[in-house]
Each structure stands twice: as structure tokens, then as C-alpha cells.
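Listing of my_file11.cif, mmCIF, C-alpha atoms
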```cif
data_upload
#
loop_
_atom_site.label_atom_id
_atom_site.label_comp_id
_atom_site.auth_asym_id
_atom_site.auth_seq_id
_atom_site.Cartn_x
_atom_site.Cartn_y
_atom_site.Cartn_z
CA MET A 1 75.27 92.87 78.98
CA LYS A 2 73.40 89.60 79.57
CA LYS A 3 71.16 89.23 82.60
CA TRP A 4 73.41 86.62 84.22
CA GLY A 5 76.31 89.00 83.88
CA TRP A 6 74.43 91.63 85.85
CA LEU A 7 73.60 89.04 88.47
CA ALA A 8 77.31 88.33 88.84
CA THR A 9 78.16 92.01 89.08
CA PHE A 10 75.42 92.53 91.66
CA CYS A 11 76.90 89.68 93.67
CA LEU A 12 80.28 91.41 93.42
CA LEU A 13 78.69 94.54 94.85
CA LEU A 14 77.32 92.54 97.72
CA ALA A 15 80.72 90.92 98.19
CA ILE A 16 82.34 94.32 98.28
CA GLY A 17 79.64 95.32 100.72
CA CYS A 18 80.45 92.16 102.64
CA ARG A 19 77.61 89.68 102.76
CA HIS A 20 79.01 86.26 103.78
CA ALA A 21 76.52 84.14 101.85
CA GLN A 22 77.40 85.82 98.52
CA LEU A 23 81.08 84.81 98.37
CA PRO A 24 81.63 81.74 96.23
CA VAL A 25 83.42 78.74 97.66
CA LEU A 26 86.63 78.46 95.62
CA PRO A 27 87.84 75.12 94.20
CA VAL A 28 91.15 75.10 96.12
CA GLY A 29 92.00 74.13 99.64
CA GLY A 30 91.02 71.44 102.05
CA ASP A 31 91.96 70.01 105.41
CA PHE A 32 95.50 69.02 106.21
CA ALA A 33 97.81 68.09 109.06
CA LEU A 34 101.28 69.55 109.69
CA THR A 35 103.57 70.20 112.65
CA ASP A 36 103.22 73.53 114.41
CA PHE A 37 105.97 75.66 115.91
CA ASN A 38 105.31 74.09 119.32
CA ASN A 39 106.21 70.74 117.79
CA GLN A 40 102.61 69.56 118.08
CA THR A 41 100.58 67.97 115.32
CA PHE A 42 98.25 70.58 113.88
CA HIS A 43 94.99 69.87 112.08
CA LEU A 44 93.36 72.66 110.06
CA ALA A 45 89.99 71.30 111.20
CA SER A 46 90.88 72.38 114.75
CA LEU A 47 90.34 75.98 113.62
CA ARG A 48 86.65 75.55 112.72
CA GLY A 49 84.81 78.57 113.93
CA LYS A 50 87.69 80.90 113.07
CA VAL A 51 88.42 82.69 109.83
CA VAL A 52 91.82 81.50 108.64
CA LEU A 53 94.50 83.19 106.54
CA ILE A 54 97.11 80.94 104.95
CA PHE A 55 100.27 81.82 103.11
CA PHE A 56 103.42 80.00 102.13
CA GLY A 57 106.88 81.44 102.78
CA TYR A 58 110.17 80.89 104.54
CA THR A 59 111.93 82.79 107.29
CA SER A 60 115.10 83.48 105.28
CA CYS A 61 112.96 85.35 102.77
CA PRO A 62 114.25 88.93 103.10
CA ASP A 63 111.50 90.75 101.31
CA VAL A 64 108.17 89.16 100.31
CA CYS A 65 107.39 87.37 103.56
CA PRO A 66 108.27 90.24 105.93
CA THR A 67 106.21 92.51 103.68
CA THR A 68 103.19 90.20 103.90
CA LEU A 69 103.56 89.83 107.65
CA SER A 70 103.86 93.61 108.13
CA LYS A 71 100.74 94.06 106.06
CA LEU A 72 98.93 91.50 108.18
CA SER A 73 100.05 93.34 111.33
CA SER A 74 98.18 96.35 110.01
CA VAL A 75 95.20 94.18 109.08
CA TYR A 76 94.98 92.82 112.60
CA LYS A 77 95.09 96.34 114.05
CA ARG A 78 92.28 97.43 111.74
CA LEU A 79 90.14 94.42 112.61
CA GLY A 80 89.88 95.59 116.21
CA ASP A 81 87.52 93.34 118.18
CA ASP A 82 87.27 90.95 115.23
CA ALA A 83 91.02 90.24 115.31
CA SER A 84 90.52 87.38 117.75
CA ARG A 85 88.33 85.62 115.18
CA VAL A 86 91.11 85.45 112.59
CA LYS A 87 94.05 83.02 112.71
CA THR A 88 97.02 83.21 110.34
CA LEU A 89 98.88 80.09 109.27
CA TYR A 90 102.41 80.57 107.94
CA ILE A 91 103.43 77.38 106.16
CA THR A 92 107.13 77.10 105.47
CA VAL A 93 108.40 75.87 102.13
CA ASP A 94 111.91 75.57 103.60
CA PRO A 95 111.48 72.89 106.29
CA GLN A 96 115.21 72.19 106.26
CA ARG A 97 116.05 75.55 107.83
CA ASP A 98 112.67 76.49 109.32
CA THR A 99 112.51 74.29 112.35
CA PRO A 100 109.60 74.81 114.78
CA ALA A 101 111.90 76.84 117.05
CA VAL A 102 112.97 79.14 114.20
CA LEU A 103 109.38 79.65 113.09
CA LYS A 104 108.28 80.48 116.61
CA GLU A 105 111.10 82.93 117.19
CA ASP A 106 110.75 84.80 113.91
CA LEU A 107 106.96 84.98 113.78
CA GLY A 108 106.93 86.37 117.29
CA SER A 109 108.37 89.66 116.05
CA PHE A 110 105.20 90.49 114.14
CA HIS A 111 101.91 91.57 115.73
CA VAL A 112 100.00 88.84 113.97
CA ASP A 113 98.12 85.94 115.55
CA ALA A 114 100.16 83.50 113.48
CA LEU A 115 100.99 79.85 113.86
CA GLY A 116 104.05 78.61 112.00
CA LEU A 117 103.70 75.22 110.36
CA THR A 118 106.29 72.83 109.03
CA GLY A 119 106.49 69.15 108.20
CA THR A 120 108.13 66.64 105.92
CA LYS A 121 108.57 67.56 102.28
CA ALA A 122 105.75 65.20 101.35
CA GLU A 123 103.40 66.73 103.92
CA ILE A 124 104.16 70.27 102.78
CA ASP A 125 103.93 69.34 99.11
CA ARG A 126 100.47 67.90 99.74
CA VAL A 127 99.24 71.15 101.23
CA VAL A 128 100.92 73.18 98.47
CA GLY A 129 99.08 71.01 95.95
CA LEU A 130 95.74 71.32 97.74
CA TYR A 131 95.91 75.11 97.57
CA GLY A 132 97.34 75.35 94.06
CA ALA A 133 100.46 77.07 95.37
CA SER A 134 103.99 76.64 94.04
CA TYR A 135 107.52 76.66 95.35
CA GLU A 136 110.96 75.72 94.10
CA ILE A 137 114.30 75.38 95.86
CA VAL A 138 116.85 77.25 93.77
CA PRO A 139 120.53 76.46 94.50
CA THR A 140 122.76 79.56 94.64
CA PRO A 141 126.21 78.04 95.29
CA ASP A 142 128.04 81.34 94.79
CA SER A 143 125.91 83.12 97.35
CA GLU A 144 126.15 83.05 101.13
CA ALA A 145 122.51 81.99 101.02
CA LYS A 146 123.47 78.63 99.41
CA TYR A 147 119.91 78.30 98.14
CA THR A 148 116.86 80.49 97.87
CA VAL A 149 113.22 79.47 97.62
CA ALA A 150 110.95 80.79 94.90
CA HIS A 151 107.36 80.66 96.10
CA SER A 152 103.89 81.80 95.18
CA THR A 153 102.59 84.76 97.13
CA THR A 154 98.82 84.31 97.28
CA LEU A 155 97.14 84.86 100.65
CA TYR A 156 94.25 82.42 101.11
CA ALA A 157 91.24 83.34 103.25
CA LEU A 158 89.08 80.54 104.62
CA ASP A 159 85.71 80.86 106.30
CA ALA A 160 84.84 79.41 109.69
CA GLN A 161 83.94 76.12 108.01
CA GLY A 162 87.40 75.79 106.46
CA ARG A 163 86.26 76.62 102.93
CA THR A 164 88.46 78.87 100.77
CA ARG A 165 86.57 82.07 99.96
CA ILE A 166 89.09 84.69 98.80
CA LEU A 167 92.51 84.58 97.17
CA PHE A 168 94.29 87.84 97.89
CA PRO A 169 97.11 88.62 95.44
CA TYR A 170 100.41 89.85 96.82
CA GLU A 171 99.46 93.40 95.75
CA ALA A 172 96.26 93.42 97.83
CA THR A 173 96.18 96.42 100.14
CA VAL A 174 95.49 96.35 103.86
CA GLU A 175 92.09 97.93 103.13
CA GLU A 176 91.17 95.23 100.61
CA ILE A 177 92.21 92.43 102.96
CA VAL A 178 90.29 93.94 105.86
CA ARG A 179 87.14 94.33 103.76
CA GLY A 180 87.48 90.80 102.44
CA LEU A 181 87.88 89.40 105.94
CA ARG A 182 84.89 91.38 107.18
CA THR A 183 82.92 89.83 104.35
CA ILE A 184 83.80 86.39 105.60
CA LEU A 185 83.35 87.30 109.23
CA GLY A 186 79.86 88.41 108.35
CA SER A 187 80.39 91.45 110.49
CA ASP A 188 78.07 93.46 108.34
CA LYS A 189 74.50 92.46 109.17
CA LEU A 190 73.07 94.77 106.54
CA THR A 191 70.44 93.92 104.00
CA PRO A 192 71.49 94.00 100.35
CA LEU A 193 69.76 97.34 99.89
CA GLU A 194 71.55 98.81 102.89
CA VAL A 195 74.84 97.51 101.50
CA LEU A 196 73.97 99.14 98.16
CA ALA A 197 73.09 102.42 99.81
CA GLY A 198 76.26 102.34 101.92
CA THR A 199 78.38 101.57 98.89
CA ILE A 200 76.84 104.44 96.92
CA GLU A 201 77.67 106.81 99.74
CA GLN A 202 81.13 105.42 100.44
CA TYR A 203 82.30 105.42 96.83
CA GLY A 204 80.88 108.83 96.01
CA VAL A 205 78.53 107.50 93.37
CA PRO A 206 76.51 110.37 91.84
CA LYS A 207 73.10 110.68 93.45
CA ASP A 208 71.23 110.34 90.17
CA VAL A 209 72.78 106.88 89.62
CA GLY A 210 71.73 105.76 93.10
CA ASN A 211 68.29 107.28 92.63
CA GLU A 212 67.86 105.50 89.33
CA LEU A 213 68.88 102.15 90.85
CA PHE A 214 66.43 102.46 93.71
CA ARG A 215 63.68 103.87 91.49
CA ALA A 216 63.92 100.91 89.12
CA TYR A 217 64.12 98.44 92.01
CA THR A 218 61.10 99.99 93.78
CA GLU A 219 58.98 100.15 90.63
CA PHE A 220 59.79 96.53 89.83
CA LEU A 221 58.71 95.44 93.29
CA THR A 222 55.57 97.57 92.95
CA ILE A 223 54.63 95.79 89.74
CA LEU A 224 55.29 92.39 91.28
CA GLY A 225 53.27 93.40 94.33
CA ASP A 226 50.20 94.17 92.24
CA GLN A 227 48.18 91.01 91.64
CA LYS A 228 46.69 92.13 88.36
CA SER A 229 50.08 93.10 86.96
CA ARG A 230 51.50 89.74 88.05
CA GLU A 231 48.68 87.88 86.35
CA ASP A 232 49.07 89.96 83.18
CA LEU A 233 52.74 89.03 82.98
CA GLU A 234 52.10 85.36 83.76
CA ASN A 235 49.49 85.15 80.97
CA LEU A 236 51.37 87.26 78.47
CA ARG A 237 52.21 85.71 75.13
CA ALA A 238 55.38 86.69 73.32
CA VAL A 239 53.46 87.88 70.27
CA ASN A 240 51.67 90.48 72.41
CA SER A 241 54.73 91.69 74.31
CA ARG A 242 55.32 94.72 72.10
CA THR A 243 51.93 96.23 72.86
CA ASP A 244 51.56 95.11 76.48
CA THR A 245 52.05 98.18 78.68
CA THR A 246 53.06 96.21 81.79
CA PHE A 247 55.74 94.29 79.92
CA GLN A 248 57.04 97.46 78.26
CA ARG A 249 57.19 99.10 81.66
CA VAL A 250 59.16 96.19 83.13
CA ARG A 251 61.47 96.31 80.12
CA GLU A 252 62.15 100.02 80.66
CA ILE A 253 62.82 99.39 84.34
CA SER A 254 65.26 96.59 83.46
CA ARG A 255 67.15 98.86 81.06
CA ALA A 256 67.30 101.70 83.55
CA PHE A 257 68.60 99.30 86.23
CA GLU A 258 71.20 97.87 83.84
CA LYS A 259 72.38 101.34 82.85
CA ALA A 260 72.71 102.42 86.47
CA LEU A 261 74.67 99.25 87.35
CA ASP A 262 76.92 99.95 84.37
CA LEU A 263 77.65 103.41 85.71
CA LEU A 264 78.17 102.03 89.21
CA PHE A 265 80.52 99.14 88.42
CA PHE A 266 82.36 100.21 85.32
CA GLU A 267 82.53 103.99 85.36
CA ASN A 268 82.89 104.88 89.00
CA PRO A 269 86.63 105.65 89.40
CA LYS A 270 86.79 103.89 92.79
CA LEU A 271 84.62 100.86 92.05
CA ALA A 272 85.72 100.20 88.46
CA PRO A 273 89.23 99.00 89.45
CA LEU A 274 87.68 96.63 92.02
CA THR A 275 85.24 95.32 89.41
CA ARG A 276 88.06 94.63 86.98
CA LYS A 277 90.18 93.00 89.68
CA TYR A 278 87.62 90.84 91.45
CA GLY A 279 84.69 90.63 89.07
CA VAL A 280 83.61 87.24 87.82
CA PHE A 281 81.55 87.33 84.63
CA MET B 282 164.46 134.80 98.44
CA LYS B 283 162.67 133.90 101.60
CA ILE B 284 159.67 135.82 100.48
CA ARG B 285 159.76 134.11 97.08
CA HIS B 286 159.87 130.65 98.77
CA VAL B 287 156.95 131.53 100.93
CA SER B 288 155.13 132.75 97.87
CA VAL B 289 155.86 129.55 95.94
CA PHE B 290 154.83 127.47 98.96
CA SER B 291 151.63 129.45 99.31
CA PHE B 292 150.90 129.16 95.63
CA SER B 293 151.47 125.39 95.68
CA THR B 294 149.28 125.03 98.71
CA PHE B 295 146.64 127.16 97.04
CA VAL B 296 146.78 125.00 93.90
CA MET B 297 146.54 121.83 95.99
CA ILE B 298 143.55 123.12 97.89
CA LEU B 299 142.00 124.20 94.62
CA LEU B 300 142.54 120.75 93.12
CA LEU B 301 141.11 119.08 96.18
CA GLY B 302 138.13 121.33 95.92
CA VAL B 303 137.71 120.56 92.26
CA THR B 304 138.00 116.84 92.98
CA ALA B 305 135.40 117.17 95.71
CA VAL B 306 133.16 119.02 93.30
CA ALA B 307 133.78 116.31 90.69
CA GLN B 308 132.79 113.65 93.26
CA ASP B 309 129.69 115.65 94.09
CA GLN B 310 128.85 115.44 90.40
CA GLY B 311 129.06 111.61 90.48
CA VAL B 312 126.95 109.05 92.32
CA VAL B 313 125.34 109.81 95.65
CA ALA B 314 123.20 107.66 97.90
CA HIS B 315 120.27 108.71 100.05
CA ASP B 316 117.23 107.36 101.92
CA ALA B 317 119.16 104.24 102.85
CA TRP B 318 117.57 101.84 105.31
CA VAL B 319 118.15 98.35 106.57
CA ARG B 320 115.36 96.01 107.57
CA MET B 321 115.63 94.84 111.18
CA PRO B 322 116.70 91.19 110.86
CA ALA B 323 114.37 88.43 112.04
CA PRO B 324 115.13 87.32 115.63
CA SER B 325 116.82 84.08 114.56
CA LYS B 326 118.76 85.62 111.68
CA MET B 327 121.87 87.73 111.30
CA ASP B 328 121.09 88.49 107.65
CA THR B 329 118.98 91.30 106.28
CA ALA B 330 118.33 93.57 103.30
CA LEU B 331 119.57 97.09 102.57
CA TYR B 332 117.53 99.49 100.43
CA LEU B 333 118.45 102.93 99.13
CA VAL B 334 118.27 105.42 96.28
CA LEU B 335 121.31 106.00 94.08
CA GLU B 336 121.53 109.13 91.96
CA ASN B 337 124.05 109.55 89.18
CA HIS B 338 124.85 113.18 88.50
CA SER B 339 127.42 112.38 85.82
CA SER B 340 126.91 112.06 82.11
CA GLN B 341 128.09 108.45 82.07
CA THR B 342 126.27 105.35 83.15
CA ARG B 343 127.79 103.94 86.29
CA ALA B 344 127.32 100.60 88.00
CA VAL B 345 127.68 99.29 91.52
CA VAL B 346 129.88 96.21 91.27
CA SER B 347 130.32 95.30 94.91
CA ALA B 348 129.42 96.36 98.42
CA SER B 349 131.08 96.00 101.79
CA SER B 350 130.53 96.93 105.39
CA GLU B 351 132.34 96.51 108.66
CA ALA B 352 128.96 95.61 110.14
CA ALA B 353 128.56 92.40 108.13
CA ALA B 354 130.65 89.55 106.77
CA LYS B 355 129.43 89.68 103.18
CA LEU B 356 127.23 91.87 101.04
CA GLU B 357 125.61 90.74 97.80
CA MET B 358 123.35 92.42 95.29
CA HIS B 359 120.03 90.72 94.55
CA GLU B 360 116.76 91.37 92.85
CA MET B 361 113.27 89.99 93.38
CA LYS B 362 111.72 88.57 90.24
CA ASN B 363 108.42 87.00 89.30
CA VAL B 364 108.95 83.61 87.69
CA LYS B 365 106.58 81.03 86.36
CA LYS B 366 107.04 77.49 87.53
CA ASP B 367 107.94 75.25 84.63
CA ASP B 368 104.71 73.48 83.77
CA SER B 369 106.53 70.39 82.54
CA MET B 370 108.24 70.10 85.91
CA SER B 371 104.97 70.27 87.80
CA LYS B 372 103.29 67.70 85.59
CA SER B 373 106.18 65.24 85.91
CA GLY B 374 105.92 65.43 89.65
CA ASP B 375 109.22 67.20 90.14
CA SER B 376 111.80 64.53 89.39
CA MET B 377 114.57 66.68 90.86
CA GLY B 378 112.88 66.44 94.22
CA MET B 379 113.63 70.07 94.84
CA GLY B 380 110.29 71.69 94.66
CA GLY B 381 106.63 71.34 95.46
CA SER B 382 104.05 71.40 92.75
CA ASP B 383 100.30 71.40 92.58
CA SER B 384 99.17 67.82 92.25
CA SER B 385 96.09 68.59 90.21
CA MET B 386 96.33 69.02 86.47
CA ASN B 387 93.43 71.42 86.71
CA LYS B 388 95.24 73.97 88.85
CA PRO B 389 97.58 76.16 86.79
CA SER B 390 100.99 76.82 88.30
CA GLN B 391 101.09 80.12 90.09
CA SER B 392 103.82 82.58 89.43
CA MET B 393 106.44 82.76 92.15
CA MET B 394 108.64 85.45 93.59
CA THR B 395 112.31 84.58 93.81
CA MET B 396 115.52 86.27 94.88
CA THR B 397 118.29 86.22 92.26
CA PRO B 398 121.90 87.40 92.67
CA VAL B 399 122.96 90.15 90.26
CA SER B 400 126.54 91.03 89.40
CA LYS B 401 125.98 94.76 89.15
CA ILE B 402 123.40 97.47 89.55
CA GLU B 403 123.44 100.10 86.82
CA ILE B 404 122.70 103.72 87.48
CA PRO B 405 121.81 105.57 84.27
CA ALA B 406 123.62 108.78 83.38
CA ASN B 407 121.87 111.75 84.98
CA GLY B 408 119.38 109.30 86.42
CA LYS B 409 118.69 107.23 89.47
CA VAL B 410 117.93 103.71 90.58
CA THR B 411 115.84 102.81 93.61
CA LEU B 412 116.52 99.69 95.64
CA ALA B 413 113.23 98.90 97.37
CA PRO B 414 111.15 95.92 98.58
CA ASN B 415 110.00 93.64 95.76
CA GLY B 416 112.85 94.82 93.54
CA LEU B 417 116.57 95.34 93.87
CA HIS B 418 118.26 95.14 97.25
CA ILE B 419 121.63 94.48 98.82
CA MET B 420 121.74 91.46 101.11
CA MET B 421 123.87 91.80 104.22
CA PHE B 422 124.98 88.38 105.43
CA GLY B 423 126.50 87.68 108.81
CA LEU B 424 125.81 90.84 110.76
CA LYS B 425 128.45 91.07 113.43
CA SER B 426 126.04 92.27 116.06
CA ARG B 427 122.29 92.59 116.32
CA PRO B 428 121.30 96.17 115.58
CA ALA B 429 118.65 98.17 117.39
CA MET B 430 115.92 100.20 115.74
CA GLY B 431 117.29 103.51 114.59
CA ASP B 432 120.93 102.39 114.53
CA LYS B 433 123.09 103.70 111.70
CA ILE B 434 125.07 101.22 109.61
CA ASN B 435 127.89 102.30 107.29
CA VAL B 436 128.20 100.63 103.92
CA ALA B 437 130.58 101.29 101.03
CA LEU B 438 129.46 100.72 97.45
CA LYS B 439 132.23 100.20 94.90
CA LEU B 440 131.52 101.48 91.40
CA ASP B 441 132.79 100.25 88.05
CA ASP B 442 135.09 103.26 87.75
CA GLY B 443 136.89 102.33 90.95
CA SER B 444 135.28 105.04 93.08
CA THR B 445 133.39 104.37 96.29
CA VAL B 446 130.02 105.70 97.39
CA PRO B 447 129.56 105.93 101.14
CA VAL B 448 126.15 105.00 102.51
CA VAL B 449 124.70 105.53 105.97
CA ALA B 450 121.63 103.35 106.44
CA THR B 451 119.10 103.51 109.24
CA VAL B 452 117.74 100.31 110.78
CA LYS B 453 113.93 100.20 110.51
#
```

Using C-alpha cells, write down the structure that the file contains.
Amino acid sequence: MKKWGWLATFCLLLAIGCRHAQLPVLPVGGDFALTDFNNQTFHLASLRGKVVLIFFGYTSCPDVCPTTLSKLSSVYKRLGDDASRVKTLYITVDPQRDTPAVLKEDLGSFHVDALGLTGTKAEIDRVVGLYGASYEIVPTPDSEAKYTVAHSTTLYALDAQGRTRILFPYEATVEEIVRGLRTILGSDKLTPLEVLAGTIEQYGVPKDVGNELFRAYTEFLTILGDQKSREDLENLRAVNSRTDTTFQRVREISRAFEKALDLLFFENPKLAPLTRKYGVF
Amino acid sequence: MKIRHVSVFSFSTFVMILLLGVTAVAQDQGVVAHDAWVRMPAPSKMDTALYLVLENHSSQTRAVVSASSEAAAKLEMHEMKNVKKDDSMSKSGDSMGMGGSDSSMNKPSQSMMTMTPVSKIEIPANGKVTLAPNGLHIMMFGLKSRPAMGDKINVALKLDDGSTVPVVATVK
């Protein structure tokens, strides 16, 4: 695998291990203004300093929306002291039926710090467009429901500066959402190596894989820390690389590191599914 | 003669009881429902969803064609489906005025979940079908009173062969 690919996978490891600075800023989202369930004008910018979860739904939704809200109830419980740093925004795609009063009443039955938002069709469509979401009013004249609303189910997670950092699919588990939020919250103050060590322990990675990763990393730093070795590498010409012992040593270290990362990300039964799901290569 | 009448009466009664028993056994061999539950409706709503497992112990495929309950005005069968928004609709800016679309050509339309009415729910021969969140469910519209957690709600499912499957669902 190419070097840049390994850099991306290493960043994924750090993301899984929750280092705020490693999460990319995603090209969706942005500030908006809607009406909240207290009938006040709401500006997303007013939530700077809080991590924000956004999803689109409607209160007559019998299945998807209650499921998401129940999941978020569990997320909030798991966040413990950090729960107060996370605000959920429930944006209705059915403003005709979801008045502020209805939103307030129905959201109150879930243990989620959620603010219901509504607005004119144009205002809601603008936000839907900003976040790349979708919805469609589907008439059902033969049903008591009269119409239903098809809608996208992504849960958007924004950092404290209002930038979109994670898109959770509908299938995301409570555990995955909690870990993603902790990433953004920056609750983990660990160094990358501590994150790596913690991940190895948590995911039951075989000790020889962890040992190989740290051995390669330590030897590489040792070489870089030696002035003579550094100078040898700086002055090395390509034609001499095959016979240069320092270069060959660095090459062996690089291969050992790559092989250990391969075992970590792609063959560990617990990490491999996360790599396939969230990995960016 | 009296004894003979009593004997005939007893025999007829015996045959009737036997037939009833056989019928009951035949019904036991048909469709049964279990693990039925109803989602507590949202505070502002008197509509909700019913979920359950239906097992068909007969050798013929059966189908639920309608549902009813004294606890609600109307019951309908629905399923949740994943649909893709029509790209041409999103690019034209939604001329029907009925939906919202992403305004950027660079953002692909996301798939959407939608609730669609279905006219029947088939239960395969010697098989089962599970009505569960994100799939099939029975909508209960117009609940006559707000239930409490743990309440039992009676529902009757009518099958394509004219028989009825009783369901007792727990509010959760």
C-alpha cells in the first residue's frame, strides 16, 4: 500500500482513538437560521462552544425518528458529564404538521437535550441543501396518514466551531456515536502513542503486532535521533541506496511498520469492520 | 328407548366435542402471533405502530389482508423502504414543490427511508414473518384512549382464508 494510504489509515486509528485535530472537516453544513419550538428565531451560531448533533425527521414518523431519538437517549446516558456539552437539533421536514408546540411536546418524551426546529419550506429546504440531506412529501390519499415524508437518515455531528466532522449512518450503534462524539469533544487527552497502545489493548490485537509497531517506531526515532545517521540519509544518493546500511535499515523498519498496520487495520476482527466503514484512502 | 336416546345424544355430543377439538387443533396448526408490542405514541399523537411475529404452521402460504382493533379507529399495514431521491427532480429544483433537495450539484442525493402502505403481508408456508422497526409494521390510527406503559391491546388480524388471528400486544 502506498505511503499516503498508510498515513490515512493511521489517521483513522487516531480518529478511532479520538484525537480532535485528526478528524477532517467535511464539505457539508454551514450556519443557518430557523424557528425553534419556543417560537424564537434560532441561529446555529448561537451553539458555538457546544458539539451539535443534527438530524432531519418529522413527528408523525412512526419508526425511524423514534428509533434515532431512543438511540440518542442512550448516547446521552453514556456521555455522562460530557452530555451537557452536546446539543441535538431535530429539524422537521414536515412543517405543516410539526408546529413549534408539537415539536416541543413530542421531543420532551425522550431523554435527549434536543431543540426542535421548524420554519418555512424555503428555510428548511436551504438547510436540507446545506447538509446534503433529502426529503420528499409522498401523498397517500388512501391512508389515514394522508401523506408521508420520505427523508434521509444521516446524523450529522458538528464540532464546537460549527464545522461538520462526522456523518453517522442510520445503522451507527450507540457505541460508535459515543466514540465519535468523544473524538470531537476532545475528551481523550492522550498522545497518539497512548491512543495506539490503548487501541491495541481494547481491540485485543495480538501482542506481537503491537510489539512490532512500537519496535519499528522506536527504531525509526532512534535513527533520526542520531546525527550521523541523519546526515548519511540527507547525503545519500539514489544510486548508493542498495548498499547503504542505514537506508536498508530504514526500509526494513518501514516494511515492518506497514505489515503491522496491515494486521491491525485489515485483519483484526474488531477493527477491520471499522476500517472498511470509516476508512478514507 | 330412553337409554338409546341418551346414548345417541351422548354420541352426538361426543362427536361434536371431537370435531371442536379437531377444529381447535387445525387452528393451532395455522397462523399464530407472538411477541407483539405497540410503541407508546408520541405525546401529541394518537397514532402508533404495532410489531409482532407471525408463524404459519400450515403447509400453505397465508397472508394478512386486514387488521382491526377496538382500541383504534383504523389499522393499516405498512413497510419501511429505502428509496433514492430522483436525481432529475433534485436538479430541476423540485418543480412539484413537494420536496426539499440539495441545492448543490456536487452533493449526491442521499437515500431516504419512507413508509409505504402494503395491501397484504404474506406468511410463507411453515415459515414466519417478523414485523419490526425499519421493516413491516401495522399502523394504528386514532387510538381511542392514550395507553400506559405495559397496557395490553387486543388486535385481530384477518387472513386471506377468512380466518382471524388474535393478537395481544404490550405497550412499550

Taking the file as shown, find all residues satisfying the PyMOL selection byres ((chain A and resi 214) around 12) and write them as a short mmCIF file (atom, residue, chain, number, x, y, z; two decimals) with C-alpha atoms, in the coordinates of the input.
```cif
data_model
loop_
_atom_site.label_atom_id
_atom_site.label_comp_id
_atom_site.auth_asym_id
_atom_site.auth_seq_id
_atom_site.Cartn_x
_atom_site.Cartn_y
_atom_site.Cartn_z
CA PRO A 192 71.49 94.00 100.35
CA LEU A 193 69.76 97.34 99.89
CA GLU A 194 71.55 98.81 102.89
CA LEU A 196 73.97 99.14 98.16
CA ALA A 197 73.09 102.42 99.81
CA ILE A 200 76.84 104.44 96.92
CA LYS A 207 73.10 110.68 93.45
CA ASP A 208 71.23 110.34 90.17
CA VAL A 209 72.78 106.88 89.62
CA GLY A 210 71.73 105.76 93.10
CA ASN A 211 68.29 107.28 92.63
CA GLU A 212 67.86 105.50 89.33
CA LEU A 213 68.88 102.15 90.85
CA ARG A 215 63.68 103.87 91.49
CA ALA A 216 63.92 100.91 89.12
CA TYR A 217 64.12 98.44 92.01
CA THR A 218 61.10 99.99 93.78
CA GLU A 219 58.98 100.15 90.63
CA PHE A 220 59.79 96.53 89.83
CA LEU A 221 58.71 95.44 93.29
CA THR A 222 55.57 97.57 92.95
CA ILE A 253 62.82 99.39 84.34
CA SER A 254 65.26 96.59 83.46
CA ALA A 256 67.30 101.70 83.55
CA PHE A 257 68.60 99.30 86.23
CA GLU A 258 71.20 97.87 83.84
CA ALA A 260 72.71 102.42 86.47
CA LEU A 261 74.67 99.25 87.35
#
```

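Picked by the PyMOL selection byres ((chain B and resi 326) around 10) from the coordinates shown: Thr59, Ser60, Val102, Glu105 and Asp106 of chain A; Met321, Pro322, Ala323, Pro324, Ser325, Met327, Asp328, Thr329, Phe422, Gly423, Leu424 and Arg427 of chain B.
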
Restrict the distance test to all atoms listed in the file, flag each residue of chain A within 10 Å of chain B, and return the flagged residues as a PyMOL selection string. chain A and resi 27-28+59-64+66-67+93-94+101-110+121-122+124-140+142-145+147-154+170

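Across the structure, atom CA of A:Arg97 and atom CA of B:Lys425 are spaced 20.6 Å apart.
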
Give me, please, the distance in Å between atom CA of A:Leu89 and atom CA of A:Tyr278, quoted to one decimal. 23.7 Å

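Using all atoms listed in the file, every residue with an atom at most 12 Å from the point (90.6, 94.0, 116.0) is listed here: A:Leu72, A:Ser73, A:Ser74, A:Val75, A:Tyr76, A:Lys77, A:Arg78, A:Leu79, A:Gly80, A:Asp81, A:Asp82, A:Ala83, A:Ser84, A:Arg85, A:Val86, A:Lys87, A:His111, A:Val112, A:Asp113, A:Val178, A:Leu181, A:Arg182, A:Leu185, A:Ser187.
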
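A straight line drawn from atom CA of A:Ala157 to atom CA of A:Ile177 is 9.1 Å long.
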
Find, counting only C-alpha atoms, the residue in B:Val319, B:Thr445, B:Gly311, B:His338 that gets nearest to B:Gly431.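 Using only C-alpha atoms, B:Gly431 sits closest to B:Val319.
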
Please expand the PyMOL selection byres ((chain B and resi 407) around 7) into the concrete residues it hits in this file, giving the result as an mmCIF file with C-alpha atoms, in the frame of the given file.
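part.cif, written as the output of this step:
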```
data_model
loop_
_atom_site.group_PDB
_atom_site.id
_atom_site.type_symbol
_atom_site.label_atom_id
_atom_site.label_comp_id
_atom_site.auth_asym_id
_atom_site.auth_seq_id
_atom_site.Cartn_x
_atom_site.Cartn_y
_atom_site.Cartn_z
ATOM 1 C CA ASN B 337 124.050 109.550 89.180
ATOM 2 C CA HIS B 338 124.850 113.180 88.500
ATOM 3 C CA SER B 339 127.420 112.380 85.820
ATOM 4 C CA SER B 340 126.910 112.060 82.110
ATOM 5 C CA PRO B 405 121.810 105.570 84.270
ATOM 6 C CA ALA B 406 123.620 108.780 83.380
ATOM 7 C CA GLY B 408 119.380 109.300 86.420
#
```
